[in-house]
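**Student:** Enclosed is the structure file entry-v4.csv (CSV, C-alpha atoms).
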chain,number,residue,atom,x,y,z
A,1,MET,CA,0.0,-211.0,-137.5
A,2,LYS,CA,3.6,-212.3,-137.3
A,3,THR,CA,6.2,-209.8,-138.3
A,4,VAL,CA,9.5,-210.7,-140.1
A,5,VAL,CA,12.3,-208.3,-141.2
A,6,PHE,CA,13.8,-208.5,-144.7
A,7,VAL,CA,17.3,-206.9,-144.6
A,8,THR,CA,17.8,-205.3,-148.0
A,9,HIS,CA,18.6,-202.0,-149.7
A,10,ASN,CA,16.6,-203.1,-152.8
A,11,ASN,CA,13.1,-201.7,-152.7
A,12,GLY,CA,12.1,-203.8,-155.7
A,13,LYS,CA,13.2,-207.1,-154.0
A,14,PHE,CA,11.3,-206.0,-150.9
A,15,ARG,CA,8.0,-205.3,-152.7
A,16,GLU,CA,8.1,-208.6,-154.5
A,17,ALA,CA,8.7,-210.5,-151.3
A,18,LYS,CA,6.1,-208.5,-149.3
A,19,GLU,CA,3.3,-209.8,-151.4
A,20,LYS,CA,4.4,-213.4,-151.1
A,21,PHE,CA,4.7,-213.3,-147.3
A,22,ARG,CA,1.3,-211.6,-146.9
A,23,SER,CA,-0.2,-214.6,-148.6
A,24,ILE,CA,0.8,-216.8,-145.7
A,25,GLY,CA,-0.2,-214.3,-143.0
A,26,VAL,CA,3.3,-212.7,-142.4
A,27,GLU,CA,3.8,-208.9,-142.3
A,28,LEU,CA,7.2,-208.1,-143.9
A,29,ARG,CA,9.1,-205.1,-142.7
A,30,GLN,CA,12.2,-203.6,-144.5
A,31,TYR,CA,15.5,-202.9,-142.8
A,32,SER,CA,18.0,-200.9,-144.9
A,33,GLY,CA,20.7,-200.6,-142.3
A,34,GLY,CA,23.0,-203.0,-144.1
A,35,TYR,CA,25.7,-205.3,-142.9
A,36,PRO,CA,29.3,-206.0,-143.7
A,37,GLU,CA,29.7,-208.4,-146.6
A,38,ILE,CA,32.9,-210.4,-146.1
A,39,GLN,CA,35.2,-211.7,-148.8
A,40,ALA,CA,34.6,-215.4,-148.9
A,41,ASP,CA,34.4,-218.2,-151.5
A,42,THR,CA,30.7,-219.0,-150.9
A,43,LEU,CA,27.5,-217.0,-150.6
A,44,GLU,CA,26.7,-219.0,-147.4
A,45,GLU,CA,29.7,-217.6,-145.6
A,46,VAL,CA,28.8,-214.1,-146.6
A,47,ALA,CA,25.2,-214.5,-145.5
A,48,LEU,CA,25.9,-216.2,-142.2
A,49,TYR,CA,28.5,-213.5,-141.3
A,50,GLY,CA,25.8,-210.9,-142.0
A,51,VAL,CA,23.3,-212.8,-139.8
A,52,GLU,CA,25.7,-212.9,-136.9
A,53,TYR,CA,26.5,-209.2,-137.2
A,54,LEU,CA,22.8,-208.3,-137.3
A,55,SER,CA,21.6,-210.7,-134.5
A,56,ASP,CA,22.5,-208.1,-131.8
A,57,LYS,CA,20.8,-205.3,-133.7
A,58,LEU,CA,17.4,-206.8,-134.6
A,59,SER,CA,14.9,-208.1,-132.0
A,60,GLU,CA,12.5,-209.6,-134.5
A,61,PRO,CA,12.9,-212.7,-136.8
A,62,PHE,CA,14.8,-211.5,-139.9
A,63,PHE,CA,16.4,-212.8,-143.1
A,64,LEU,CA,18.8,-211.5,-145.8
A,65,GLU,CA,19.5,-212.7,-149.3
A,66,ASP,CA,22.8,-212.8,-151.3
A,67,ALA,CA,23.1,-213.9,-154.9
A,68,GLY,CA,25.7,-214.3,-157.6
A,69,LEU,CA,26.5,-215.6,-161.1
A,70,PHE,CA,28.9,-218.6,-161.3
A,71,VAL,CA,30.4,-219.4,-164.7
A,72,ASP,CA,31.8,-223.0,-164.9
A,73,ALA,CA,34.6,-222.3,-167.4
A,74,LEU,CA,35.8,-219.4,-165.2
A,75,LYS,CA,36.0,-221.5,-162.0
A,76,GLY,CA,33.0,-219.9,-160.6
A,77,PHE,CA,33.9,-216.3,-161.4
A,78,PRO,CA,32.4,-213.7,-160.8
A,79,GLY,CA,30.6,-215.6,-158.0
A,80,VAL,CA,30.5,-214.0,-154.6
A,81,TYR,CA,31.9,-210.8,-156.1
A,82,SER,CA,29.3,-210.5,-158.9
A,83,ALA,CA,28.2,-207.0,-157.9
A,84,TYR,CA,31.7,-205.6,-157.8
A,85,VAL,CA,32.7,-207.3,-161.1
A,86,PHE,CA,29.6,-205.9,-162.7
A,87,ARG,CA,30.5,-202.4,-161.7
A,88,SER,CA,34.1,-202.7,-163.1
A,89,ILE,CA,34.2,-205.0,-166.2
A,90,GLY,CA,30.4,-205.6,-166.6
A,91,CYS,CA,28.7,-208.0,-169.0
A,92,ASP,CA,31.2,-207.1,-171.7
A,93,GLY,CA,34.0,-208.3,-169.5
A,94,ILE,CA,32.3,-211.7,-169.0
A,95,LEU,CA,31.7,-212.0,-172.8
A,96,LYS,CA,35.4,-211.2,-173.5
A,97,LEU,CA,36.6,-213.8,-171.0
A,98,LEU,CA,34.4,-216.4,-172.8
A,99,GLU,CA,35.5,-215.5,-176.3
A,100,ASN,CA,36.4,-218.8,-178.1
A,101,VAL,CA,35.2,-220.7,-175.0
A,102,VAL,CA,32.8,-223.5,-176.0
A,103,ASP,CA,31.5,-224.4,-172.6
A,104,ARG,CA,29.1,-221.5,-171.8
A,105,SER,CA,27.4,-223.2,-168.8
A,106,ALA,CA,26.7,-221.1,-165.7
A,107,GLU,CA,24.3,-220.7,-162.9
A,108,PHE,CA,22.7,-218.0,-160.8
A,109,ARG,CA,22.7,-218.9,-157.1
A,110,SER,CA,20.7,-217.3,-154.3
A,111,VAL,CA,21.1,-217.9,-150.6
A,112,VAL,CA,18.6,-216.8,-148.0
A,113,ALA,CA,19.6,-216.9,-144.3
A,114,TYR,CA,16.8,-216.7,-141.8
A,115,LYS,CA,17.1,-216.2,-138.0
A,116,GLU,CA,14.7,-216.4,-135.1
A,117,PRO,CA,15.9,-214.7,-131.9
A,118,GLY,CA,17.7,-217.3,-129.7
A,119,GLU,CA,17.8,-219.9,-132.5
A,120,GLU,CA,20.5,-221.0,-135.0
A,121,PRO,CA,20.1,-219.5,-138.5
A,122,VAL,CA,18.5,-221.6,-141.2
A,123,VAL,CA,19.8,-221.4,-144.8
A,124,PHE,CA,17.8,-221.9,-148.1
A,125,ARG,CA,19.4,-222.2,-151.5
A,126,GLY,CA,18.0,-221.5,-155.0
A,127,VAL,CA,19.8,-222.3,-158.2
A,128,CYS,CA,19.0,-221.5,-161.8
A,129,ARG,CA,21.2,-223.3,-164.4
A,130,GLY,CA,21.7,-221.8,-167.8
A,131,GLU,CA,24.2,-220.5,-170.4
A,132,ILE,CA,26.0,-217.3,-171.1
A,133,SER,CA,24.9,-215.9,-174.5
A,134,TYR,CA,27.3,-214.7,-177.2
A,135,GLU,CA,26.0,-211.1,-177.0
A,136,LYS,CA,23.9,-208.9,-174.8
A,137,LYS,CA,20.1,-209.2,-175.4
A,138,GLY,CA,17.2,-207.3,-173.8
A,139,SER,CA,17.1,-204.5,-171.3
A,140,ASN,CA,14.9,-205.8,-168.6
A,141,GLY,CA,16.2,-206.8,-165.2
A,142,PHE,CA,19.6,-205.8,-164.0
A,143,GLY,CA,23.2,-207.0,-163.7
A,144,TYR,CA,24.0,-210.0,-165.8
A,145,ASP,CA,20.4,-210.6,-166.9
A,146,PRO,CA,21.1,-209.6,-170.6
A,147,ILE,CA,23.7,-212.4,-171.0
A,148,PHE,CA,22.0,-215.3,-169.1
A,149,VAL,CA,19.7,-217.8,-170.8
A,150,PRO,CA,18.1,-220.1,-168.3
A,151,VAL,CA,17.7,-223.8,-169.1
A,152,GLY,CA,14.2,-224.3,-170.7
A,153,SER,CA,14.2,-220.9,-172.6
A,154,ASN,CA,15.8,-219.3,-175.6
A,155,LEU,CA,15.5,-215.8,-174.1
A,156,THR,CA,17.9,-214.1,-171.8
A,157,PHE,CA,16.6,-212.8,-168.4
A,158,GLY,CA,17.0,-209.4,-170.0
A,159,GLU,CA,14.4,-210.3,-172.6
A,160,MET,CA,11.8,-211.5,-170.1
A,161,ASP,CA,9.2,-209.7,-168.1
A,162,VAL,CA,9.3,-210.0,-164.2
A,163,LYS,CA,6.7,-212.8,-164.1
A,164,GLU,CA,8.5,-214.9,-166.6
A,165,LYS,CA,11.9,-214.4,-165.1
A,166,ASN,CA,10.5,-215.3,-161.6
A,167,SER,CA,9.3,-218.6,-162.9
A,168,PHE,CA,12.9,-219.5,-163.5
A,169,SER,CA,14.8,-217.5,-161.0
A,170,HIS,CA,17.2,-218.6,-158.3
A,171,ARG,CA,15.8,-215.9,-155.9
A,172,GLY,CA,12.3,-217.1,-156.5
A,173,LYS,CA,13.3,-220.6,-155.4
A,174,SER,CA,15.2,-219.7,-152.3
A,175,LEU,CA,12.4,-217.4,-151.1
A,176,GLN,CA,9.8,-220.0,-151.8
A,177,LYS,CA,11.7,-222.5,-149.6
A,178,LEU,CA,11.7,-219.9,-146.8
A,179,LEU,CA,8.0,-219.4,-147.2
A,180,GLU,CA,7.4,-223.2,-147.0
A,181,TYR,CA,9.5,-223.4,-143.9
A,182,MET,CA,7.7,-220.6,-142.2
A,183,ARG,CA,4.3,-222.1,-143.1
A,184,ARG,CA,5.4,-225.4,-141.5
A,185,VAL,CA,6.8,-223.7,-138.4
A,186,MET,CA,3.7,-221.5,-137.9
A,187,GLY,CA,1.4,-224.5,-138.4
A,188,LYS,CA,3.0,-226.1,-135.4
A,189,ASP,CA,2.4,-223.1,-133.1
B,1,MET,CA,62.4,-203.4,-126.6
B,2,LYS,CA,59.0,-202.2,-127.9
B,3,THR,CA,56.9,-205.1,-129.3
B,4,VAL,CA,54.5,-204.7,-132.3
B,5,VAL,CA,52.2,-207.3,-133.8
B,6,PHE,CA,52.0,-207.9,-137.6
B,7,VAL,CA,48.7,-209.5,-138.4
B,8,THR,CA,49.4,-211.8,-141.4
B,9,HIS,CA,49.2,-215.4,-142.5
B,10,ASN,CA,52.1,-214.9,-144.8
B,11,ASN,CA,55.4,-216.1,-143.2
B,12,GLY,CA,57.4,-214.6,-146.0
B,13,LYS,CA,56.0,-211.1,-145.5
B,14,PHE,CA,56.5,-211.5,-141.8
B,15,ARG,CA,60.2,-212.4,-142.1
B,16,GLU,CA,60.9,-209.5,-144.4
B,17,ALA,CA,59.3,-207.0,-142.1
B,18,LYS,CA,60.8,-208.5,-139.0
B,19,GLU,CA,64.4,-207.5,-140.1
B,20,LYS,CA,63.3,-204.0,-141.0
B,21,PHE,CA,61.7,-203.4,-137.6
B,22,ARG,CA,64.6,-204.8,-135.7
B,23,SER,CA,66.8,-202.2,-137.3
B,24,ILE,CA,64.8,-199.5,-135.5
B,25,GLY,CA,64.7,-201.4,-132.2
B,26,VAL,CA,61.2,-202.9,-132.5
B,27,GLU,CA,60.5,-206.6,-131.9
B,28,LEU,CA,57.9,-207.9,-134.4
B,29,ARG,CA,55.6,-210.6,-133.4
B,30,GLN,CA,53.3,-212.5,-135.9
B,31,TYR,CA,49.6,-213.0,-135.3
B,32,SER,CA,48.0,-215.5,-137.7
B,33,GLY,CA,44.5,-215.3,-136.2
B,34,GLY,CA,43.1,-213.5,-139.2
B,35,TYR,CA,40.2,-211.0,-139.5
B,36,PRO,CA,37.1,-210.7,-141.7
B,37,GLU,CA,37.9,-208.9,-145.0
B,38,ILE,CA,34.8,-207.0,-146.1
B,39,GLN,CA,33.7,-206.4,-149.7
B,40,ALA,CA,34.4,-202.7,-150.3
B,41,ASP,CA,35.7,-200.5,-153.1
B,42,THR,CA,38.9,-199.4,-151.4
B,43,LEU,CA,41.8,-201.2,-149.6
B,44,GLU,CA,41.5,-198.6,-146.8
B,45,GLU,CA,37.9,-199.7,-145.9
B,46,VAL,CA,39.0,-203.4,-145.8
B,47,ALA,CA,42.0,-202.6,-143.6
B,48,LEU,CA,40.1,-200.3,-141.2
B,49,TYR,CA,37.3,-202.8,-140.7
B,50,GLY,CA,40.0,-205.4,-139.9
B,51,VAL,CA,41.6,-203.1,-137.4
B,52,GLU,CA,38.3,-202.4,-135.6
B,53,TYR,CA,37.6,-206.1,-135.5
B,54,LEU,CA,41.0,-206.9,-134.0
B,55,SER,CA,41.3,-204.0,-131.5
B,56,ASP,CA,39.3,-205.9,-128.9
B,57,LYS,CA,41.5,-209.0,-129.4
B,58,LEU,CA,45.0,-207.6,-129.3
B,59,SER,CA,46.4,-205.7,-126.3
B,60,GLU,CA,49.7,-204.6,-128.0
B,61,PRO,CA,50.2,-202.1,-130.9
B,62,PHE,CA,49.5,-204.0,-134.2
B,63,PHE,CA,49.3,-203.5,-137.9
B,64,LEU,CA,47.9,-205.3,-140.9
B,65,GLU,CA,48.5,-204.9,-144.7
B,66,ASP,CA,46.2,-205.3,-147.7
B,67,ALA,CA,47.3,-205.0,-151.3
B,68,GLY,CA,45.8,-205.2,-154.8
B,69,LEU,CA,46.3,-204.6,-158.5
B,70,PHE,CA,44.3,-201.8,-160.1
B,71,VAL,CA,44.1,-201.8,-163.9
B,72,ASP,CA,43.1,-198.4,-165.3
B,73,ALA,CA,41.3,-199.7,-168.5
B,74,LEU,CA,39.3,-202.1,-166.3
B,75,LYS,CA,38.0,-199.4,-164.0
B,76,GLY,CA,40.3,-200.6,-161.2
B,77,PHE,CA,39.5,-204.3,-161.6
B,78,PRO,CA,40.6,-206.7,-159.9
B,79,GLY,CA,41.4,-204.2,-157.1
B,80,VAL,CA,40.3,-205.1,-153.7
B,81,TYR,CA,39.3,-208.6,-154.9
B,82,SER,CA,42.7,-209.3,-156.5
B,83,ALA,CA,43.3,-212.5,-154.5
B,84,TYR,CA,39.9,-214.0,-155.4
B,85,VAL,CA,40.2,-213.0,-159.1
B,86,PHE,CA,43.7,-214.6,-159.2
B,87,ARG,CA,42.3,-217.9,-157.9
B,88,SER,CA,39.5,-217.9,-160.5
B,89,ILE,CA,40.6,-216.3,-163.8
B,90,GLY,CA,44.3,-215.7,-162.9
B,91,CYS,CA,46.9,-213.8,-165.0
B,92,ASP,CA,45.4,-215.3,-168.2
B,93,GLY,CA,42.0,-213.7,-167.4
B,94,ILE,CA,43.6,-210.3,-167.0
B,95,LEU,CA,45.5,-210.7,-170.3
B,96,LYS,CA,42.3,-211.7,-172.1
B,97,LEU,CA,40.4,-208.8,-170.8
B,98,LEU,CA,43.2,-206.5,-172.1
B,99,GLU,CA,43.3,-208.1,-175.6
B,100,ASN,CA,43.3,-205.2,-178.2
B,101,VAL,CA,43.4,-202.7,-175.3
B,102,VAL,CA,46.1,-200.0,-176.0
B,103,ASP,CA,46.2,-198.5,-172.5
B,104,ARG,CA,48.0,-201.1,-170.3
B,105,SER,CA,48.6,-198.8,-167.4
B,106,ALA,CA,48.0,-200.2,-163.9
B,107,GLU,CA,49.2,-199.9,-160.4
B,108,PHE,CA,49.8,-202.1,-157.4
B,109,ARG,CA,48.6,-200.5,-154.2
B,110,SER,CA,49.4,-201.4,-150.6
B,111,VAL,CA,47.7,-200.1,-147.4
B,112,VAL,CA,49.1,-200.6,-144.0
B,113,ALA,CA,46.9,-199.8,-141.0
B,114,TYR,CA,48.6,-199.4,-137.6
B,115,LYS,CA,46.9,-199.1,-134.2
B,116,GLU,CA,48.1,-198.3,-130.7
B,117,PRO,CA,45.8,-199.2,-127.9
B,118,GLY,CA,43.4,-196.4,-127.1
B,119,GLU,CA,44.3,-194.4,-130.2
B,120,GLU,CA,42.9,-193.9,-133.6
B,121,PRO,CA,44.3,-196.1,-136.4
B,122,VAL,CA,46.9,-194.5,-138.8
B,123,VAL,CA,47.0,-195.5,-142.5
B,124,PHE,CA,50.0,-195.6,-144.8
B,125,ARG,CA,49.8,-196.1,-148.5
B,126,GLY,CA,52.3,-197.4,-151.1
B,127,VAL,CA,51.8,-197.3,-154.8
B,128,CYS,CA,53.8,-198.7,-157.7
B,129,ARG,CA,52.8,-197.6,-161.2
B,130,GLY,CA,53.5,-199.8,-164.2
B,131,GLU,CA,52.0,-201.6,-167.2
B,132,ILE,CA,50.4,-205.0,-167.8
B,133,SER,CA,52.7,-207.0,-170.2
B,134,TYR,CA,51.4,-208.7,-173.3
B,135,GLU,CA,52.3,-212.2,-172.0
B,136,LYS,CA,53.4,-213.8,-168.7
B,137,LYS,CA,57.2,-213.6,-168.0
B,138,GLY,CA,59.2,-215.0,-165.2
B,139,SER,CA,58.3,-217.3,-162.3
B,140,ASN,CA,59.5,-215.3,-159.3
B,141,GLY,CA,57.1,-213.7,-156.8
B,142,PHE,CA,53.4,-214.6,-156.7
B,143,GLY,CA,50.0,-213.5,-158.0
B,144,TYR,CA,50.1,-211.0,-160.8
B,145,ASP,CA,53.9,-210.5,-160.6
B,146,PRO,CA,54.5,-212.2,-164.1
B,147,ILE,CA,52.4,-209.7,-165.9
B,148,PHE,CA,53.3,-206.4,-164.1
B,149,VAL,CA,56.2,-204.2,-165.4
B,150,PRO,CA,56.9,-201.3,-163.0
B,151,VAL,CA,57.8,-197.9,-164.3
B,152,GLY,CA,61.6,-197.7,-164.6
B,153,SER,CA,62.2,-201.3,-165.6
B,154,ASN,CA,61.7,-203.5,-168.6
B,155,LEU,CA,61.2,-206.6,-166.5
B,156,THR,CA,58.1,-208.0,-164.9
B,157,PHE,CA,58.1,-208.5,-161.1
B,158,GLY,CA,58.2,-212.2,-162.0
B,159,GLU,CA,61.6,-211.7,-163.6
B,160,MET,CA,63.1,-209.9,-160.6
B,161,ASP,CA,64.8,-211.2,-157.5
B,162,VAL,CA,63.3,-210.2,-154.1
B,163,LYS,CA,65.8,-207.3,-153.6
B,164,GLU,CA,65.1,-205.8,-157.0
B,165,LYS,CA,61.4,-206.1,-156.7
B,166,ASN,CA,61.4,-204.5,-153.2
B,167,SER,CA,63.2,-201.5,-154.6
B,168,PHE,CA,60.0,-200.8,-156.7
B,169,SER,CA,57.3,-202.4,-154.6
B,170,HIS,CA,54.2,-200.8,-153.2
B,171,ARG,CA,54.5,-202.9,-150.0
B,172,GLY,CA,58.1,-201.8,-149.5
B,173,LYS,CA,56.9,-198.2,-149.6
B,174,SER,CA,53.9,-198.5,-147.2
B,175,LEU,CA,56.0,-200.4,-144.7
B,176,GLN,CA,58.8,-197.9,-145.0
B,177,LYS,CA,56.3,-195.1,-144.1
B,178,LEU,CA,55.2,-197.0,-141.0
B,179,LEU,CA,58.8,-197.5,-140.0
B,180,GLU,CA,59.5,-193.7,-140.3
B,181,TYR,CA,56.4,-192.9,-138.4
B,182,MET,CA,57.4,-195.3,-135.6
B,183,ARG,CA,60.9,-193.9,-135.5
B,184,ARG,CA,59.4,-190.4,-135.0
B,185,VAL,CA,57.0,-191.5,-132.3
B,186,MET,CA,59.6,-193.4,-130.4
B,187,GLY,CA,62.0,-190.5,-130.7
B,188,LYS,CA,59.4,-188.4,-128.7
B,189,ASP,CA,59.1,-190.9,-125.9
Write out the structure in this file as C-alpha cells.
**Tutor:**
Amino acid sequence: MKTVVFVTHNNGKFREAKEKFRSIGVELRQYSGGYPEIQADTLEEVALYGVEYLSDKLSEPFFLEDAGLFVDALKGFPGVYSAYVFRSIGCDGILKLLENVVDRSAEFRSVVAYKEPGEEPVVFRGVCRGEISYEKKGSNGFGYDPIFVPVGSNLTFGEMDVKEKNSFSHRGKSLQKLLEYMRRVMGKD
Amino acid sequence: MKTVVFVTHNNGKFREAKEKFRSIGVELRQYSGGYPEIQADTLEEVALYGVEYLSDKLSEPFFLEDAGLFVDALKGFPGVYSAYVFRSIGCDGILKLLENVVDRSAEFRSVVAYKEPGEEPVVFRGVCRGEISYEKKGSNGFGYDPIFVPVGSNLTFGEMDVKEKNSFSHRGKSLQKLLEYMRRVMGKD
C-alpha cells in the first residue's frame, strides 16, 4: 500500500483525511514536526516555502494544507494571518471592523501542496464563498466558523455538524482535488 | 575601517543608520537581498530566523531590524504583522477596532539582531510607549505614525519631523544599543 505523509499538528484534520485516503488505497501517516510559515500575501507562497523546507527532511511523498478567511471589504484581511488575528482580536474584531459595512462577502480558501521525492510540488485550491454574519452563531467548528455563512445555506459553519460543513468546505474541496490527482497518477503506474 | 552589513530594503532607514555608524568608525554597507519573515508571536523570533537564514549568505558581520505596533486592548494586535495589517485595514481599521475603547495604550517595538561570523547572534530591543489617538493627524513618517502619540508629547509621530520623532523612537533606541555594544567590543580589540 502506498504511504503518504500529511504534515499537520491538527489530529482532527488528520483523522478526517486518513479515512478519505484509505478509500483510494493510500495509507496516510501524520508528521507533526512543523515547518516555518512565512509572512506572505498568498497561501500558496506560505505552502510552497513549507514544502521546500520539508523536502530535505521527509523521504516519502507528503503534503501540507494552509487555509484562511478573506473578507472582500477588508482587502482580504485577515487572510494568510487568520490564525494570529483570531488569537488577538477574534470573531468580535472582524464583526467590529464590519460595523456599518454593507458588503459582507468573504471566502474561506484552502491550499494543499503535495510533493513526490524528486518532483516539483503540485498545488490544489479549494474556495468556499459566503458572507460574514452580523453576530456569532453556533459553537461547532473552530476559528471564524461562528460568523461565516456559506453560499447555499442560512446557517453559519458554527451551527453545522461536521458532515454538513464538509459538504461546503474549502478544505474538503482542496483535499478532494488531491485525491483525484493521486487516483489518476496511481492508475498510470 | 570595520565594515558591517545592514540588511534592509528601506533606503531611508539605511541612510539614517549609515551616519550614526560612521561616527564610531564603522562603514555600513546595505544588503537588499531580503530574508523570509516567519509567522511568529514575537519580533525576536522573526529576527532570529532571518539571521539564521542569512548567516550562510553573508561573510561579514551583519544586522537586521524588525518593528511593530502592539496595542494593549487588542492583545498586542497588529504586532508582528503590522506591515500586512497596514496594507489591508490600515490606520482606519485600528481606529475602528478601538471605537468606544477607553484604554488606548500601545507601544512601538523594534528589535535589532546582530551577528558576527562564527558567533551567536545578539539582540537589542527598543520600545516607545504611547497612546492611539482618536483620529489620524499629520502626514509625516509612514505606517501607523499618524495615530501614535508617544508618552511625553501631545503630537502624533505623523505631526513630527524626523529629528523629533527619532528622539522618541523605538528604532532609535535599539540602534543606539547596537552602537554602544559595537563601541565596547571594538574598544577591546
**Student:** When the cut-off is 12 Å and we count only C-alpha atoms, which residues of chain A are near chain B, given as a PyMOL selection string?
**Tutor:** chain A and resi 35-42+45-46+49-50+53+70-101
**Student:** What is the distance between CA of Val149 in chain B and CA of Arg125 in chain B, in Å to one decimal?
**Tutor:**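 According to the coordinates, CA of Val149 in chain B and CA of Arg125 in chain B are separated by 19.8 Å.
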**Student:** Excluding Leu179 in chain A and residues on its chain fewer than 6 positions from it, collect all residues at most 10 Å away from it, counting all atoms listed in the file, and give them as a PDB file with C-alpha atoms, in the frame of the given file.
**Tutor:**
ATOM      1  CA  ALA A  17       8.700-210.500-151.300  1.00  0.00           C
ATOM      2  CA  LYS A  20       4.400-213.400-151.100  1.00  0.00           C
ATOM      3  CA  PHE A  21       4.700-213.300-147.300  1.00  0.00           C
ATOM      4  CA  SER A  23      -0.200-214.600-148.600  1.00  0.00           C
ATOM      5  CA  ILE A  24       0.800-216.800-145.700  1.00  0.00           C
ATOM      6  CA  VAL A  26       3.300-212.700-142.400  1.00  0.00           C
ATOM      7  CA  LYS A 173      13.300-220.600-155.400  1.00  0.00           C
ATOM      8  CA  VAL A 185       6.800-223.700-138.400  1.00  0.00           C
TER       9      VAL A 185
END
**Student:** Name the residues in contact with Ser139 in chain A at a cut-off of 8 Å, using all atoms listed in the file, excluding same-chain residues fewer than 3 positions from it; report them as a ChimeraX atom specification.
**Tutor:** /A:142,146,158-159
**Student:** Which polymer residues, whether protein, DNA or RNA, lie within 7 Å of the coordinate (48.3, -198.6, -136.4) when you count all atoms listed in the file? List them as a compact mmCIF listing (two decimals) with C-alpha atoms, in the coordinates of the input, using the chain letters and numbers from the file.
**Tutor:**
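The new file part_33.txt reads:
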# COMPACT_ATOMS: atom_id res chain seq x y z
CA PRO B 61 50.20 -202.10 -130.90
CA PHE B 62 49.50 -204.00 -134.20
CA PHE B 63 49.30 -203.50 -137.90
CA ALA B 113 46.90 -199.80 -141.00
CA TYR B 114 48.60 -199.40 -137.60
CA LYS B 115 46.90 -199.10 -134.20
CA GLU B 116 48.10 -198.30 -130.70
CA PRO B 121 44.30 -196.10 -136.40
CA VAL B 122 46.90 -194.50 -138.80
CA VAL B 123 47.00 -195.50 -142.50
**Student:** Find the distance between CA of Ala106 in chain B and CA of Glu131 in chain B and write it in Å to one decimal.
**Tutor:**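 Those two atoms sit 5.4 Å apart.
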**Student:** Need to verify the contact set: Ser32 in chain B, 9 Å, only C-alpha atoms, exclusion of same-chain residues closer than 6 positions in sequence. Can you return it as an MDAnalysis selection string?
**Tutor:** chainID B and resid 6:10
